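In what follows, a single structure is set out as structure tokens and then discussed.
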Amino acid sequence: MLQRAVLILCPLCELEFEPKLTKTNICPNCLIAQMNITKDIDNDKEILFCRYCRRYQRPPWVLCERDSKELLAICLKKVIGLSEKTIIDTKFIFTEPSTKQIKLQITVQQEAMNGTCIQDSKVLNFEEVYHQCEDCKREFTPHIWGACIQLRQRVNHKKSFFYLEQLILQHHMNQQILKVEPADDGLNFYFKQKNQALHMLEFIRSYLPIQVKESKEVYSFIKYTFVVDVPRICKDDLVILPHKLCHQLGGINRVQICYRVASSIQLIDPIKLKVSEISSEQYFKHDLDIRTMPLRENCDEFIILDVEKIKPQKNDSSNPFQDTLCSVELMKDNDPDYKQYQVRSHLGNFLQTGMTVQGFDLNKYNNELDEIHDKPELIIIRRKPEKNKKRKNQLKRLEIEDNQEKKNKKKEGQEEQQIEEFLEDIEQDQHLQETLNIQQIQSQQ
Amino acid sequence: MANRCQFENSNDIGVFSKLTNSYCLVALGGSENFYSVFESELGLSMPVIHCSIGGTRIIGRLTAGNKNGLLVPNTCTDQELKQIRNSLPDEVKVKRVEEKLSALGNCIACNDYVALIHSDLDKETEEIIADTLGVEVFRTTVAQQVLVGTYCCFNNQGGLVHPLTTVEELDELANLLQIPLCAGTVNRGSDIIASGLVVNDVAAFCGLDTTSTEITVIEKIFKLQDKNKQNLEVQIRQDMMQELE
């Protein structure tokens, strides 16, 4: 049997209604008016907006479009008073972006007394307030870098840095560098984060022997500085080692030639033609006692008269120069005496009669090398380079910011000359060619 | 004519008073305002009796009565019973009922001819009711509620019931009682009719919260409108029509 409900008059508005619908005895309109569930939903909230990078703060700064889900989430998070209510629907009302207002219409439902659910909608206003986000702040202030590598080598030339530059370009390590600044005796690399700088340090460590000292400055963020020292010994240098280091390395001679610089310094004894290695730690312990004589300042030229290969007595397989040992008869270039010298050398694979070579004449340096008894007279380093040679390959350069206002012409000239010498070095040295992968450099033109 | 009043800041008039066609009971301890409302309306013809039942003031819900008699529960003490009997007019029979359901006001709703009672009342009590009050007794429910005395209130001319009463039930009850009935609320939407309202054939009293809509409904269904006032309304209407013309 269907039971129809009785209509009663609402005590507040005299409207006839069925009391079963609302379980209270006032009509639905009066109920909604009384309850007013949207009263405590706050209107007029602010959301922060960075106008440089166009991101909203969430708290992390996210990029979102005007009418997107992410923006909706940000807006709803800001609103207080939605705790007991369930959100049925939300809708963005169109506003011009230039007004900086975002209008959101939400429909909420809340349970009133006696179990009835009231549904009501409200329009919320959000105002975009301009606020500079953290990243933009950092970009605008001069403190833009978080980590810095200060690479220093106390020599007169920059060949090591050219070498490193080519390696960086080849392995694409320059992607994380913010900027590179030149300094006296070296370069500064700036990075945004410490781990990027550490990555670069590991890379450098595998190609050059280095010593790293770390320090930091504390602002609201921390700036790390790594002072990196590269040893003074370069390729083709004459090195005079202190007694202590010689004993440590197994009683080698004090006079050595550096024939390669990789993760350690590799030396060869010009008399015995034996190779030895100095690690970066060993070098920096004896840094002050080691003396170097670079080839550029002290080179002499000689003409080869005769080359004779020597068969080594012992089969020493660790010696890379085993097969190329030779005995050479030399004559000094431009020597009025036409004095002939006999010298042993490790460069047997390309020395030929009639070739002009560069090397050290140790007879000249009486004062400095007096105490050393066991020294050779001449040391051959390399073939003499041709003048004004046409270069096939042009090197790709890293972008280096120059802070100096006046461009020193003399320094520019010096740099060009050093680049020439560096290219010459590469051409003469097989190992360097392999490391730098010359084919790749050539193809980058 | 329906009047609004409060008993000690409470809108539940029907709890603290009982109104019939021959007498009126009120609880002790209220301000003189309460009594003066009753006395001014009811005039000298009707005695307004101050009493208590079992030491309590909720006399409206504990007692049931009409012009013929009054029933009190077993919690009523002998002294109180004596006092009531002395104050009431001689025609009114007073009887104490031994009943498990002692809130007789909640279980019995009556006028001078018919009574509706709680479904679980004893047979004995039913006979006492029929005898003392001189009424025809029916066991019913109102809006599926057994407490008929709470959820409906009627006098000899009409009655008001709980708002969730169905149309069929309403028809059935109207048939039993032989008076027009209507569903409504009292005290701003409260559905407990009898606690917010006391009524007899000439007057009604309800809580201060009652809205004008509810007052109108009450006056209409219990037929309390003053004949003079009715004429006055017609006069005002005529004058207004004249002016508009």
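Identifiers in the structure tokens: chain A, B, ... in order shown; residue index from 1 per chain; ligand index from 1 in order shown.
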
Q: Using only C-alpha atoms, find which residues of chain A lie within 8 Å of chain B and jot them down as a VMD selection string.
A: chain A and resid 3 to 14 19 to 20 24 to 26

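Taking only C-alpha atoms, the non-local environment of range 270-287 of chain A within 6 Å (same-chain residues fewer than 5 positions away omitted) comprises A:Pro209, A:Ile210, A:Ser264, A:Ile265.
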
Those same residues, written as an mmCIF file, in the first residue's frame with N, CA, C and O atoms?
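Below is the file that was written, selection21.cif:
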```
data_model
loop_
_atom_site.group_PDB
_atom_site.id
_atom_site.type_symbol
_atom_site.label_atom_id
_atom_site.label_comp_id
_atom_site.auth_asym_id
_atom_site.auth_seq_id
_atom_site.Cartn_x
_atom_site.Cartn_y
_atom_site.Cartn_z
ATOM 1 N N PRO A 209 98.016 14.639 -13.089
ATOM 2 C CA PRO A 209 98.217 14.409 -11.654
ATOM 3 C C PRO A 209 97.853 15.681 -10.909
ATOM 4 O O PRO A 209 98.327 16.761 -11.239
ATOM 5 N N ILE A 210 96.956 15.606 -9.927
ATOM 6 C CA ILE A 210 96.518 16.828 -9.250
ATOM 7 C C ILE A 210 96.486 16.653 -7.743
ATOM 8 O O ILE A 210 96.469 15.535 -7.226
ATOM 9 N N SER A 264 99.853 10.115 -13.701
ATOM 10 C CA SER A 264 101.081 10.284 -12.927
ATOM 11 C C SER A 264 102.151 10.829 -13.868
ATOM 12 O O SER A 264 101.960 10.837 -15.086
ATOM 13 N N ILE A 265 103.274 11.273 -13.281
ATOM 14 C CA ILE A 265 104.349 11.840 -14.110
ATOM 15 C C ILE A 265 105.320 10.719 -14.468
ATOM 16 O O ILE A 265 105.847 10.036 -13.578
#
```

Q: Give the helix (DSSP H, G or I) residues of range 26-215 of chain A, as DSSP finds them on the backbone, and put them as JSON, numbers by chain.
A: {"A": [28, 29, 30, 31, 32, 33, 34, 35, 69, 70, 71, 72, 73, 74, 75, 76, 77, 78, 97, 98, 99, 113, 114, 115, 134, 135, 136, 137, 138, 139, 140, 159, 160, 161, 162, 163, 164, 165, 166, 167, 168, 169, 170, 173, 174, 175, 194, 195, 196, 197, 198, 199, 200, 201, 202, 203, 204, 205, 206, 207]}

**Q.** Polymer residues at most 12 Å from range 46-51 of chain A, only C-alpha atoms, same-chain spacing of 3 or more positions, as number ranges by chain
**A.** A: 42-43, 54-66, 71-79, 98, 100-103, 124-137

Q) Leaving out Ile53 in chain B and any residue of its chain fewer than 4 positions from it, which residues lie within 12 Å of it when counting only C-alpha atoms, given as number ranges by chain? A) B: 16-17, 25-28, 57-63, 71-84, 96, 102-104

Q) Can you list every residue in range 20-234 of chain B that DSSP puts in strand (DSSP E or B), as a ChimeraX atom specification? A) /B:24-27,48-51,53,56,64-65,69-73,93-97,108-110,114-117,136-139,142,145,152-154,159-161,166,181-183,186,190,197-199,204-207

Q) Of the candidates A:Lys309, A:Val261, A:Asp333, A:Lys159, which shows the shortest atom-to-atom distance to Asp425 in chain A, using only C-alpha atoms? A)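 With only C-alpha atoms as the atom set, the closest residue is A:Lys159.
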
(Q) What does the structure give for the distance between CA of Gln157 in chain B and CA of Ile221 in chain B, in Å to one decimal? (A)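 Those two atoms sit 7.7 Å apart.
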
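Here CA of Met355 in chain A stands at a distance of 21.3 Å from CA of Glu297 in chain A.
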
Q) Which neighbours of range 130-135 of chain B fall inside 12 Å, counting only C-alpha atoms, when residues of the same chain fewer than 5 positions from it are skipped, and could you give them as an MDAnalysis selection string? A) chainID B and resid 20 64:72 91:97 108:117 123:125 177

Got time to write the residues from that selection, C-alpha atoms, as an mmCIF file, in the first residue's frame?
```cif
data_model
loop_
_atom_site.group_PDB
_atom_site.id
_atom_site.type_symbol
_atom_site.label_atom_id
_atom_site.label_comp_id
_atom_site.auth_asym_id
_atom_site.auth_seq_id
_atom_site.Cartn_x
_atom_site.Cartn_y
_atom_site.Cartn_z
ATOM 1 C CA THR B 20 -8.366 21.125 30.117
ATOM 2 C CA ALA B 64 -3.582 12.887 31.657
ATOM 3 C CA GLY B 65 -6.991 14.400 32.000
ATOM 4 C CA ASN B 66 -10.080 16.127 30.636
ATOM 5 C CA LYS B 67 -13.038 18.001 32.108
ATOM 6 C CA ASN B 68 -14.371 14.842 33.678
ATOM 7 C CA GLY B 69 -11.322 13.528 35.484
ATOM 8 C CA LEU B 70 -7.612 13.439 36.081
ATOM 9 C CA LEU B 71 -5.242 10.492 36.164
ATOM 10 C CA VAL B 72 -1.997 10.657 38.121
ATOM 11 C CA GLU B 91 -17.095 17.271 39.454
ATOM 12 C CA VAL B 92 -13.543 16.240 38.524
ATOM 13 C CA LYS B 93 -12.615 12.698 39.554
ATOM 14 C CA VAL B 94 -8.989 12.147 40.497
ATOM 15 C CA LYS B 95 -7.542 8.650 40.294
ATOM 16 C CA ARG B 96 -4.051 7.263 40.860
ATOM 17 C CA VAL B 97 -3.065 4.633 38.322
ATOM 18 C CA ILE B 108 -2.491 9.073 26.666
ATOM 19 C CA ALA B 109 -3.840 11.789 24.410
ATOM 20 C CA CYS B 110 -7.473 12.742 25.060
ATOM 21 C CA ASN B 111 -10.223 15.260 24.712
ATOM 22 C CA ASP B 112 -13.639 15.167 26.350
ATOM 23 C CA TYR B 113 -14.953 12.327 24.148
ATOM 24 C CA VAL B 114 -12.123 10.182 22.782
ATOM 25 C CA ALA B 115 -8.727 9.019 24.040
ATOM 26 C CA LEU B 116 -5.799 7.510 22.147
ATOM 27 C CA ILE B 117 -3.502 5.337 24.225
ATOM 28 C CA LYS B 123 -6.115 -3.669 30.123
ATOM 29 C CA GLU B 124 -6.820 -2.556 33.637
ATOM 30 C CA THR B 125 -5.497 0.925 32.959
ATOM 31 C CA LEU B 177 -11.579 10.961 16.591
#
```

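In this comparison, which uses only C-alpha atoms, the residue of A:Ile144, A:Leu362, A:Met293, A:Ile204 approaching Met173 in chain A most closely is A:Ile204.
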